[in-house]
file protein_39.cif (mmCIF, C-alpha atoms)
data_entry
loop_
_atom_site.label_atom_id
_atom_site.label_comp_id
_atom_site.auth_asym_id
_atom_site.auth_seq_id
_atom_site.Cartn_x
_atom_site.Cartn_y
_atom_site.Cartn_z
CA MET A 1 -7.46 -1.17 21.99
CA THR A 2 -5.97 2.10 20.80
CA LEU A 3 -4.89 2.04 17.18
CA LEU A 4 -2.29 4.46 15.84
CA ILE A 5 -2.40 4.98 12.07
CA VAL A 6 0.80 6.60 10.84
CA GLY A 7 0.06 8.51 7.64
CA GLY A 8 -3.61 8.74 8.54
CA SER A 9 -4.22 11.74 6.29
CA GLY A 10 -2.97 9.93 3.17
CA PHE A 11 -4.93 7.91 0.62
CA LEU A 12 -4.74 4.52 2.35
CA GLY A 13 -4.58 6.10 5.80
CA THR A 14 -7.87 7.92 5.26
CA GLU A 15 -9.63 4.63 4.52
CA LEU A 16 -8.00 2.96 7.51
CA VAL A 17 -9.21 5.78 9.75
CA ARG A 18 -12.72 5.59 8.30
CA GLN A 19 -13.03 1.85 8.85
CA ALA A 20 -11.47 1.94 12.31
CA LEU A 21 -13.94 4.61 13.45
CA SER A 22 -16.82 2.73 11.87
CA ALA A 23 -15.82 -0.32 13.91
CA GLY A 24 -15.74 1.78 17.08
CA ARG A 25 -11.99 1.46 17.66
CA PRO A 26 -10.26 4.19 19.68
CA THR A 27 -8.07 5.70 16.99
CA ALA A 28 -5.22 8.15 16.75
CA ALA A 29 -3.60 9.15 13.49
CA THR A 30 -0.61 11.14 12.33
CA TYR A 31 -0.02 13.66 9.59
CA THR A 32 2.96 15.53 8.14
CA THR A 33 1.52 18.78 6.79
CA ARG A 34 -2.14 18.91 7.79
CA PRO A 35 -4.48 16.60 9.70
CA GLY A 36 -7.34 14.70 8.15
CA ILE A 37 -10.92 15.78 8.60
CA ALA A 38 -12.36 12.68 10.25
CA PRO A 39 -14.05 13.57 13.56
CA GLY A 40 -13.40 11.50 16.65
CA VAL A 41 -9.72 10.97 15.83
CA THR A 42 -6.78 12.14 17.91
CA TRP A 43 -4.45 13.77 15.37
CA ARG A 44 -0.74 14.13 16.01
CA ARG A 45 1.88 15.73 13.79
CA LEU A 46 4.73 13.31 13.15
CA ASP A 47 8.06 13.66 11.38
CA LEU A 48 9.41 10.16 10.74
CA ARG A 49 12.85 11.64 10.15
CA ASP A 50 13.02 12.80 13.77
CA PRO A 51 13.54 10.10 16.43
CA GLY A 52 12.36 12.50 19.11
CA SER A 53 9.10 13.13 17.29
CA VAL A 54 8.50 9.39 16.83
CA ASP A 55 9.22 8.58 20.48
CA ALA A 56 7.00 11.41 21.72
CA VAL A 57 3.97 10.46 19.62
CA VAL A 58 4.17 6.77 20.51
CA ALA A 59 4.62 7.54 24.20
CA GLU A 60 1.74 10.02 24.21
CA VAL A 61 -0.74 7.80 22.35
CA ASN A 62 0.45 4.53 23.94
CA PRO A 63 -1.19 2.45 21.19
CA ARG A 64 -1.87 -1.26 21.31
CA VAL A 65 -1.12 -1.48 17.57
CA ILE A 66 0.62 0.83 15.09
CA VAL A 67 -0.13 0.59 11.37
CA ASN A 68 2.41 2.46 9.28
CA ALA A 69 0.62 3.53 6.10
CA SER A 70 2.86 6.53 5.45
CA SER A 71 4.17 7.29 1.97
CA GLY A 72 7.53 8.94 1.53
CA GLY A 73 8.34 7.79 -1.98
CA ALA A 74 12.06 7.26 -2.52
CA ASP A 75 12.98 9.58 0.37
CA TRP A 76 15.28 7.24 2.31
CA ALA A 77 15.00 9.12 5.59
CA VAL A 78 11.21 8.76 5.59
CA THR A 79 10.57 5.50 3.77
CA ALA A 80 13.51 3.39 4.97
CA GLU A 81 14.70 4.91 8.24
CA GLY A 82 11.32 6.16 9.49
CA PRO A 83 9.80 2.68 9.96
CA VAL A 84 12.96 1.56 11.77
CA ARG A 85 12.57 4.44 14.25
CA LEU A 86 8.90 3.55 14.59
CA ALA A 87 9.66 -0.12 15.25
CA ILE A 88 12.17 0.76 17.97
CA ALA A 89 9.65 3.06 19.65
CA ALA A 90 6.90 0.45 19.32
CA ALA A 91 9.08 -2.22 20.91
CA LYS A 92 9.87 0.09 23.83
CA ALA A 93 6.18 0.85 24.33
CA GLY A 94 5.05 -2.76 23.98
CA SER A 95 2.99 -1.92 20.88
CA ARG A 96 2.50 -4.27 17.95
CA MET A 97 3.40 -2.86 14.53
CA ILE A 98 2.28 -3.49 10.97
CA GLN A 99 4.48 -2.03 8.25
CA VAL A 100 2.75 -1.54 4.90
CA SER A 101 5.19 -2.53 2.18
CA THR A 102 4.99 -2.96 -1.58
CA ASP A 103 5.53 -5.33 -4.47
CA ALA A 104 8.26 -2.92 -5.62
CA VAL A 105 10.64 -4.74 -3.28
CA PHE A 106 10.88 -7.33 -6.08
CA SER A 107 12.70 -7.08 -9.40
CA GLY A 108 10.25 -9.13 -11.43
CA LYS A 109 13.14 -11.25 -12.66
CA SER A 110 13.24 -14.20 -10.31
CA HIS A 111 9.86 -15.53 -9.27
CA VAL A 112 6.43 -15.46 -10.91
CA PRO A 113 4.37 -15.32 -8.83
CA TYR A 114 5.99 -13.96 -5.66
CA ASP A 115 4.81 -15.46 -2.38
CA GLU A 116 5.68 -14.49 1.18
CA HIS A 117 8.84 -16.59 1.19
CA CYS A 118 10.50 -14.76 -1.71
CA ARG A 119 13.45 -12.55 -0.85
CA PRO A 120 13.34 -8.85 -1.83
CA ASP A 121 15.60 -7.89 -4.73
CA PRO A 122 14.60 -4.29 -5.54
CA ILE A 123 15.87 -2.45 -8.61
CA THR A 124 14.54 1.07 -7.93
CA PRO A 125 15.34 3.57 -5.14
CA TYR A 126 11.74 3.36 -3.90
CA GLY A 127 11.81 -0.43 -3.85
CA ALA A 128 15.15 -0.39 -2.04
CA ALA A 129 13.80 2.00 0.62
CA LYS A 130 10.71 -0.14 1.20
CA ALA A 131 12.83 -3.30 1.36
CA ALA A 132 15.08 -1.67 3.96
CA ALA A 133 11.98 -0.79 5.98
CA GLU A 134 11.11 -4.48 6.20
CA THR A 135 14.00 -4.87 8.64
CA VAL A 136 11.44 -3.87 11.28
CA LEU A 137 10.94 -7.63 11.53
CA LEU A 138 14.46 -7.93 12.93
CA LEU A 139 14.00 -5.08 15.40
CA HIS A 140 10.62 -5.88 16.88
CA PRO A 141 9.33 -9.39 17.68
CA ASP A 142 5.70 -8.22 17.40
CA ALA A 143 6.04 -6.63 13.96
CA ALA A 144 4.43 -7.70 10.70
CA VAL A 145 5.02 -6.63 7.11
CA ALA A 146 2.11 -6.42 4.67
CA ARG A 147 3.16 -6.12 1.03
CA THR A 148 0.58 -4.84 -1.39
CA SER A 149 0.33 -3.72 -5.02
CA LEU A 150 -1.34 -0.86 -6.92
CA ILE A 151 -3.99 0.62 -4.62
CA ILE A 152 -7.19 1.67 -6.39
CA GLY A 153 -10.05 3.64 -4.86
CA ASP A 154 -13.27 5.14 -6.15
CA GLY A 155 -11.52 7.79 -8.23
CA GLN A 156 -9.04 9.10 -5.68
CA SER A 157 -5.89 7.10 -6.47
CA GLU A 158 -2.93 8.27 -8.51
CA HIS A 159 -3.57 5.53 -11.07
CA GLU A 160 -7.18 6.57 -11.59
CA ARG A 161 -6.25 10.24 -11.97
CA THR A 162 -3.66 9.31 -14.59
CA VAL A 163 -6.22 7.33 -16.59
CA HIS A 164 -8.67 10.25 -16.47
CA GLU A 165 -6.03 12.67 -17.70
CA LEU A 166 -4.98 10.37 -20.55
CA ALA A 167 -8.55 9.60 -21.59
CA THR A 168 -9.58 13.27 -21.61
CA GLY A 169 -6.46 14.46 -23.41
CA THR A 170 -5.15 16.65 -20.58
CA ARG A 171 -2.01 14.55 -20.37
CA GLU A 172 0.18 12.80 -22.91
CA GLY A 173 1.57 9.34 -22.41
CA VAL A 174 0.99 5.62 -22.71
CA LEU A 175 -0.12 2.76 -20.49
CA PHE A 176 2.21 -0.21 -20.61
CA THR A 177 1.03 -3.59 -21.83
CA ASP A 178 4.04 -5.46 -20.43
CA ASP A 179 3.94 -4.10 -16.85
CA PHE A 180 1.84 -6.43 -14.67
CA ARG A 181 0.64 -5.96 -11.11
CA CYS A 182 -2.14 -7.25 -8.82
CA PRO A 183 -4.28 -4.16 -8.09
CA VAL A 184 -6.21 -4.07 -4.82
CA HIS A 185 -9.08 -1.84 -3.73
CA ALA A 186 -8.29 0.52 -0.87
CA SER A 187 -11.32 -0.64 1.12
CA ASP A 188 -10.28 -4.31 0.85
CA LEU A 189 -6.69 -3.50 1.77
CA ALA A 190 -7.71 -1.39 4.78
CA ALA A 191 -10.08 -4.08 6.03
CA ALA A 192 -7.38 -6.73 5.69
CA LEU A 193 -4.84 -4.57 7.53
CA LEU A 194 -7.29 -3.98 10.36
CA GLU A 195 -7.89 -7.72 10.56
CA LEU A 196 -4.17 -8.27 10.93
CA ALA A 197 -4.08 -5.51 13.54
CA SER A 198 -6.79 -7.26 15.56
CA GLY A 199 -4.82 -10.48 15.86
CA ASP A 200 -1.33 -11.39 16.93
CA THR A 201 0.16 -12.22 13.56
CA THR A 202 3.79 -11.46 12.76
CA GLY A 203 6.04 -12.00 9.75
CA VAL A 204 5.35 -11.25 6.10
CA HIS A 205 1.90 -11.15 4.48
CA HIS A 206 0.85 -10.44 0.90
CA LEU A 207 -2.26 -8.32 0.32
CA GLY A 208 -2.63 -7.98 -3.43
CA GLY A 209 -5.76 -8.41 -5.50
CA ASN A 210 -6.47 -11.89 -6.80
CA GLN A 211 -5.89 -10.97 -10.46
CA ALA A 212 -2.81 -9.78 -12.38
CA LEU A 213 -3.37 -7.08 -14.98
CA SER A 214 -1.18 -4.93 -17.19
CA ARG A 215 -1.24 -1.18 -16.61
CA HIS A 216 -3.21 -0.81 -19.84
CA GLU A 217 -5.76 -3.48 -18.92
CA LEU A 218 -6.24 -1.76 -15.59
CA GLY A 219 -6.63 1.60 -17.33
CA VAL A 220 -9.32 0.23 -19.65
CA LEU A 221 -11.32 -1.05 -16.66
CA ILE A 222 -11.03 2.31 -14.90
CA ALA A 223 -12.09 4.20 -18.03
CA ARG A 224 -15.10 1.97 -18.64
CA ARG A 225 -16.22 2.22 -15.03
CA ASP A 226 -16.08 5.99 -15.21
CA GLY A 227 -17.74 6.33 -18.61
CA LEU A 228 -14.57 7.44 -20.42
CA ASP A 229 -13.39 6.50 -23.91
CA ALA A 230 -10.93 3.66 -23.30
CA SER A 231 -9.81 3.76 -26.94
CA ARG A 232 -7.99 7.01 -26.17
CA LEU A 233 -5.60 5.19 -23.85
CA ALA A 234 -2.45 4.75 -25.92
CA THR A 235 -0.35 1.64 -25.38
CA GLY A 236 3.38 1.18 -25.07
CA LEU A 237 6.05 -1.16 -23.76
CA ARG A 238 7.89 -0.40 -20.56
CA ALA A 239 10.76 -2.49 -21.90
CA ASP A 240 11.16 0.10 -24.69
CA SER A 241 11.03 3.08 -22.31
CA THR A 242 13.70 4.70 -20.20
CA LEU A 243 11.64 4.31 -17.02
CA PRO A 244 13.35 2.07 -14.45
CA GLY A 245 11.42 -0.61 -12.70
CA PRO A 246 10.27 -4.22 -12.85
CA LEU A 247 8.01 -5.49 -15.62
CA GLU A 248 6.07 -8.32 -14.05
CA ILE A 249 5.31 -8.63 -10.35
CA ARG A 250 2.47 -10.97 -9.55
CA LEU A 251 1.91 -11.15 -5.80
CA ASP A 252 0.70 -14.53 -4.60
CA SER A 253 -1.57 -13.61 -1.70
CA ARG A 254 -3.32 -16.97 -1.34
CA SER A 255 -1.60 -17.94 1.91
CA THR A 256 -2.58 -14.70 3.63
CA GLN A 257 -6.06 -14.74 2.06
CA ARG A 258 -6.82 -18.08 3.71
CA LYS A 259 -6.31 -16.42 7.11
CA LEU A 260 -8.63 -13.49 6.41
CA ARG A 261 -12.36 -12.88 6.39
CA THR A 262 -11.83 -9.98 4.00
CA THR A 263 -11.79 -10.94 0.32
CA LEU A 264 -9.00 -9.32 -1.68
CA ARG A 265 -10.93 -8.83 -4.89
CA GLY A 266 -9.46 -8.63 -8.37
CA ALA A 267 -9.87 -5.51 -10.49
CA HIS A 268 -12.54 -7.10 -12.68
CA GLN A 269 -14.63 -7.48 -9.52
CA PHE A 270 -14.35 -3.94 -8.17
CA LEU A 271 -13.97 -1.93 -11.39
CA VAL A 272 -17.40 -2.42 -12.86
CA PRO A 273 -19.52 0.21 -14.67
CA ALA A 274 -22.39 1.65 -12.67
CA ALA A 275 -25.71 0.05 -13.50
#

call {"tool": "encode", "arguments": {"input": "protein_39.cif", "output": "structure tokens"}}
result
Amino acid sequence: MTLLIVGGSGFLGTELVRQALSAGRPTAATYTTRPGIAPGVTWRRLDLRDPGSVDAVVAEVNPRVIVNASSGGADWAVTAEGPVRLAIAAAKAGSRMIQVSTDAVFSGKSHVPYDEHCRPDPITPYGAAKAAAETVLLLHPDAAVARTSLIIGDGQSEHERTVHELATGTREGVLFTDDFRCPVHASDLAAALLELASGDTTGVHHLGGNQALSRHELGVLIARRDGLDASRLATGLRADSTLPGPLEIRLDSRSTQRKLRTTLRGAHQFLVPAA
């Protein structure tokens, strides 16, 4: 089974590539600016804004499954329209598709927690683009959407870098105490996505960690794991800031978790100080 990982040189994509190769899966991956460094991978440059580029890569690789782990931020052409182009190409090629989505498709105003049956109601440009991308379910009968939350690694994620900069005084700012998410470790998320890719599941799935934390609580755990002074992490309220975005999004991933062998750990389980 050939697996095509779109965005394979990114943070999540790199972990997907690593685990796929470790499992012995024939793997191809795409990049926008430069390929990843993993050996044994067929790398293809892909511009999700270009239908011709999408069609050519899918036709050339002829994958059994496509996992779209690309990150285009609020760029509508990449984040919203790109997955639609990918779904159309996948349907033509007879490939299954898994679209990685986000808890940002929710406003935080309607449902706590949010399960797979909740309707998207985004309030940011990024959330709107990701919600639009979920229309792949209407375009391709063999598509699935996997919504996740803050992705944490072993020091490589944006959230971890921010905490390091705040704790060492190289950046000014606060971590919000009223902004809740369900952080997930990149290795757990990648393993869960590859499980979904190995089956025939369709529809919407939630892949968040099993514990909701505020941004500040998460920052404290990261700082303690990495031997930093957590007391230097200033607190603030997102409600008092000018930053747009939802305050409380707690993904309920229990339904999807029951179908998986992979455990979606909570942050207290994977952010522990080294012995």

call {"tool": "closest_residue", "arguments": {"input": "protein_39.cif", "among": "A:Val204, A:Ala69, A:Ala186, A:Val54", "to": "A:Glu134", "atoms": "only C-alpha atoms"}}
result
A:Val204

call {"tool": "resolve_selection", "arguments": {"input": "protein_39.cif", "expression": "the PyMOL selection byres ((chain A and resi 173) around 9)", "output": "PyMOL selection string"}}
result
chain A and resi 166+171-172+174-175+233-236

call {"tool": "resolve_selection", "arguments": {"input": "protein_39.cif", "expression": "the PyMOL selection byres ((chain A and resi 116-119) around 7)", "output": "JSON, numbers by chain"}}
result
{"A": [114, 115, 120, 121, 204, 205, 206]}

call {"tool": "resolve_selection", "arguments": {"input": "protein_39.cif", "expression": "the PyMOL selection byres ((chain A and resi 190) around 10)", "output": "PyMOL selection string"}}
result
chain A and resi 12-20+69+185-189+191-196+207+262

call {"tool": "write_last_selection", "arguments": {"input": "protein_39.cif", "atoms": "C-alpha atoms", "output": "mmCIF file, in the coordinates of the input"}}
result
data_model
loop_
_atom_site.group_PDB
_atom_site.id
_atom_site.type_symbol
_atom_site.label_atom_id
_atom_site.label_comp_id
_atom_site.auth_asym_id
_atom_site.auth_seq_id
_atom_site.Cartn_x
_atom_site.Cartn_y
_atom_site.Cartn_z
ATOM 1 C CA LEU A 12 -4.740 4.520 2.350
ATOM 2 C CA GLY A 13 -4.580 6.100 5.800
ATOM 3 C CA THR A 14 -7.870 7.920 5.260
ATOM 4 C CA GLU A 15 -9.630 4.630 4.520
ATOM 5 C CA LEU A 16 -8.000 2.960 7.510
ATOM 6 C CA VAL A 17 -9.210 5.780 9.750
ATOM 7 C CA ARG A 18 -12.720 5.590 8.300
ATOM 8 C CA GLN A 19 -13.030 1.850 8.850
ATOM 9 C CA ALA A 20 -11.470 1.940 12.310
ATOM 10 C CA ALA A 69 0.620 3.530 6.100
ATOM 11 C CA HIS A 185 -9.080 -1.840 -3.730
ATOM 12 C CA ALA A 186 -8.290 0.520 -0.870
ATOM 13 C CA SER A 187 -11.320 -0.640 1.120
ATOM 14 C CA ASP A 188 -10.280 -4.310 0.850
ATOM 15 C CA LEU A 189 -6.690 -3.500 1.770
ATOM 16 C CA ALA A 191 -10.080 -4.080 6.030
ATOM 17 C CA ALA A 192 -7.380 -6.730 5.690
ATOM 18 C CA LEU A 193 -4.840 -4.570 7.530
ATOM 19 C CA LEU A 194 -7.290 -3.980 10.360
ATOM 20 C CA GLU A 195 -7.890 -7.720 10.560
ATOM 21 C CA LEU A 196 -4.170 -8.270 10.930
ATOM 22 C CA LEU A 207 -2.260 -8.320 0.320
ATOM 23 C CA THR A 262 -11.830 -9.980 4.000
#

call {"tool": "closest_residue", "arguments": {"input": "protein_39.cif", "among": "A:Leu86, A:Ala143, A:Ala239, A:Leu150", "to": "A:Ala59", "atoms": "all atoms listed in the file"}}
result
A:Leu86

call {"tool": "residues_around", "arguments": {"input": "protein_39.cif", "residues": "A:Thr177", "least_positions_apart": "2", "cutoff": "9 Å", "atoms": "all atoms listed in the file", "output": "MDAnalysis selection string"}}
result
chainID A and resid 175 179:180 213:217 235:238

call {"tool": "write_last_selection", "arguments": {"input": "protein_39.cif", "atoms": "C-alpha atoms", "output": "PDB file, keeping the file's coordinate frame"}}
result
ATOM      1  CA  LEU A 175      -0.120   2.760 -20.490  1.00  0.00           C
ATOM      2  CA  ASP A 179       3.940  -4.100 -16.850  1.00  0.00           C
ATOM      3  CA  PHE A 180       1.840  -6.430 -14.670  1.00  0.00           C
ATOM      4  CA  LEU A 213      -3.370  -7.080 -14.980  1.00  0.00           C
ATOM      5  CA  SER A 214      -1.180  -4.930 -17.190  1.00  0.00           C
ATOM      6  CA  ARG A 215      -1.240  -1.180 -16.610  1.00  0.00           C
ATOM      7  CA  HIS A 216      -3.210  -0.810 -19.840  1.00  0.00           C
ATOM      8  CA  GLU A 217      -5.760  -3.480 -18.920  1.00  0.00           C
ATOM      9  CA  THR A 235      -0.350   1.640 -25.380  1.00  0.00           C
ATOM     10  CA  GLY A 236       3.380   1.180 -25.070  1.00  0.00           C
ATOM     11  CA  LEU A 237       6.050  -1.160 -23.760  1.00  0.00           C
ATOM     12  CA  ARG A 238       7.890  -0.400 -20.560  1.00  0.00           C
TER      13      ARG A 238
END

call {"tool": "residues_around", "arguments": {"input": "protein_39.cif", "residues": "A:Arg232", "least_positions_apart": "2", "cutoff": "9 Å", "atoms": "all atoms listed in the file", "output": "VMD selection string"}}
result
chain A and resid 166 to 169 228 to 230 234

call {"tool": "write_last_selection", "arguments": {"input": "protein_39.cif", "atoms": "C-alpha atoms", "output": "compact mmCIF listing (two decimals), in the coordinates of the input"}}
result
# COMPACT_ATOMS: atom_id res chain seq x y z
CA LEU A 166 -4.98 10.37 -20.55
CA ALA A 167 -8.55 9.60 -21.59
CA THR A 168 -9.58 13.27 -21.61
CA GLY A 169 -6.46 14.46 -23.41
CA LEU A 228 -14.57 7.44 -20.42
CA ASP A 229 -13.39 6.50 -23.91
CA ALA A 230 -10.93 3.66 -23.30
CA ALA A 234 -2.45 4.75 -25.92

call {"tool": "residues_around", "arguments": {"input": "protein_39.cif", "residues": "A:Ala56", "least_positions_apart": "4", "cutoff": "12 Å", "atoms": "only C-alpha atoms", "output": "NGL selection string"}}
result
:A and (44-48 or 50-52 or 60-62 or 85-86 or 89-90 or 92-93)

call {"tool": "atom_distance", "arguments": {"input": "protein_39.cif", "atom1": "atom CA of A:Gly40", "atom2": "atom CA of A:Arg161"}}
result
29.5 Å

call {"tool": "closest_residue", "arguments": {"input": "protein_39.cif", "among": "A:Asp226, A:Asp142, A:Glu165, A:Glu160", "to": "A:Ile98", "atoms": "only C-alpha atoms"}}
result
A:Asp142

call {"tool": "axis_aligned_box", "arguments": {"input": "protein_39.cif", "around": "stretch 139-158 of chain A", "padding_each_side": "3 Å", "output": "lines of an AutoDock Vina configuration file"}}
result
center_x = 0.4
center_y = -0.1
center_z = 4.6
size_x = 33.3
size_y = 24.5
size_z = 32.2

call {"tool": "closest_residue", "arguments": {"input": "protein_39.cif", "among": "A:Val41, A:Ala144, A:Ser107, A:Val136", "to": "A:Pro26", "atoms": "all atoms listed in the file"}}
result
A:Val41

call {"tool": "closest_residue", "arguments": {"input": "protein_39.cif", "among": "A:Ser198, A:Ala128, A:Asp75, A:Asp154", "to": "A:Pro273", "atoms": "all atoms listed in the file"}}
result
A:Asp154

call {"tool": "closest_residue", "arguments": {"input": "protein_39.cif", "among": "A:Ser157, A:Gly208, A:Thr202, A:Gly127", "to": "A:Pro244", "atoms": "all atoms listed in the file"}}
result
A:Gly127

call {"tool": "residues_around", "arguments": {"input": "protein_39.cif", "residues": "A:Ala87", "least_positions_apart": "5", "cutoff": "9 Å", "atoms": "all atoms listed in the file", "output": "PyMOL selection string"}}
result
chain A and resi 82+92+95-97+99+136-137+139-140+143

call {"tool": "residues_around", "arguments": {"input": "protein_39.cif", "residues": "A:Thr102", "least_positions_apart": "5", "cutoff": "8 Å", "atoms": "only C-alpha atoms", "output": "PDB file with C-alpha atoms, in the coordinates of the input"}}
result
ATOM      1  CA  GLY A 127      11.810  -0.430  -3.850  1.00  0.00           C
ATOM      2  CA  LYS A 130      10.710  -0.140   1.200  1.00  0.00           C
ATOM      3  CA  ALA A 146       2.110  -6.420   4.670  1.00  0.00           C
ATOM      4  CA  ARG A 147       3.160  -6.120   1.030  1.00  0.00           C
ATOM      5  CA  THR A 148       0.580  -4.840  -1.390  1.00  0.00           C
ATOM      6  CA  SER A 149       0.330  -3.720  -5.020  1.00  0.00           C
TER       7      SER A 149
END

call {"tool": "atom_distance", "arguments": {"input": "protein_39.cif", "atom1": "atom CA of A:Trp43", "atom2": "atom CA of A:Gly94"}}
result
20.9 Å

call {"tool": "decode", "arguments": {"input": "protein_39.cif", "residues": "stretch 70-77 of chain A", "atoms": "all heavy atoms", "output": "short mmCIF file (atom, residue, chain, number, x, y, z; two decimals), in the first residue's frame"}}
result
data_model
loop_
_atom_site.label_atom_id
_atom_site.label_comp_id
_atom_site.auth_asym_id
_atom_site.auth_seq_id
_atom_site.Cartn_x
_atom_site.Cartn_y
_atom_site.Cartn_z
N SER A 70 -0.62 19.04 5.50
CA SER A 70 -0.03 20.33 5.13
C SER A 70 -0.54 21.44 6.04
O SER A 70 -1.62 21.34 6.63
CB SER A 70 -0.34 20.67 3.68
OG SER A 70 -1.74 20.81 3.49
N SER A 71 0.24 22.51 6.12
CA SER A 71 -0.14 23.65 6.95
C SER A 71 0.03 24.92 6.14
O SER A 71 1.15 25.31 5.81
CB SER A 71 0.73 23.71 8.21
OG SER A 71 0.44 24.86 8.97
N GLY A 72 -1.09 25.56 5.85
CA GLY A 72 -1.03 26.80 5.09
C GLY A 72 -1.54 27.99 5.87
O GLY A 72 -1.74 29.06 5.29
N GLY A 73 -1.76 27.81 7.18
CA GLY A 73 -2.26 28.91 7.99
C GLY A 73 -3.60 29.39 7.46
O GLY A 73 -4.47 28.60 7.08
N ALA A 74 -3.78 30.71 7.43
CA ALA A 74 -5.04 31.29 6.97
C ALA A 74 -5.05 31.55 5.47
O ALA A 74 -5.97 32.21 4.96
CB ALA A 74 -5.32 32.59 7.73
N ASP A 75 -4.05 31.05 4.75
CA ASP A 75 -4.00 31.21 3.30
C ASP A 75 -5.11 30.35 2.67
O ASP A 75 -5.03 29.13 2.61
CB ASP A 75 -2.64 30.76 2.77
CG ASP A 75 -2.45 31.02 1.28
OD1 ASP A 75 -3.46 30.99 0.54
OD2 ASP A 75 -1.31 31.25 0.86
N TRP A 76 -6.17 31.01 2.22
CA TRP A 76 -7.36 30.31 1.74
C TRP A 76 -7.05 29.38 0.57
O TRP A 76 -7.56 28.26 0.50
CB TRP A 76 -8.43 31.33 1.34
CG TRP A 76 -9.77 30.71 1.07
CD1 TRP A 76 -10.27 30.29 -0.12
CD2 TRP A 76 -10.78 30.42 2.05
NE1 TRP A 76 -11.52 29.77 0.03
CE2 TRP A 76 -11.87 29.84 1.34
CE3 TRP A 76 -10.89 30.62 3.42
CZ2 TRP A 76 -13.04 29.45 2.00
CZ3 TRP A 76 -12.05 30.22 4.06
CH2 TRP A 76 -13.10 29.64 3.36
N ALA A 77 -6.20 29.83 -0.33
CA ALA A 77 -5.89 29.02 -1.52
C ALA A 77 -5.23 27.71 -1.15
O ALA A 77 -5.44 26.68 -1.81
CB ALA A 77 -5.00 29.82 -2.48
#
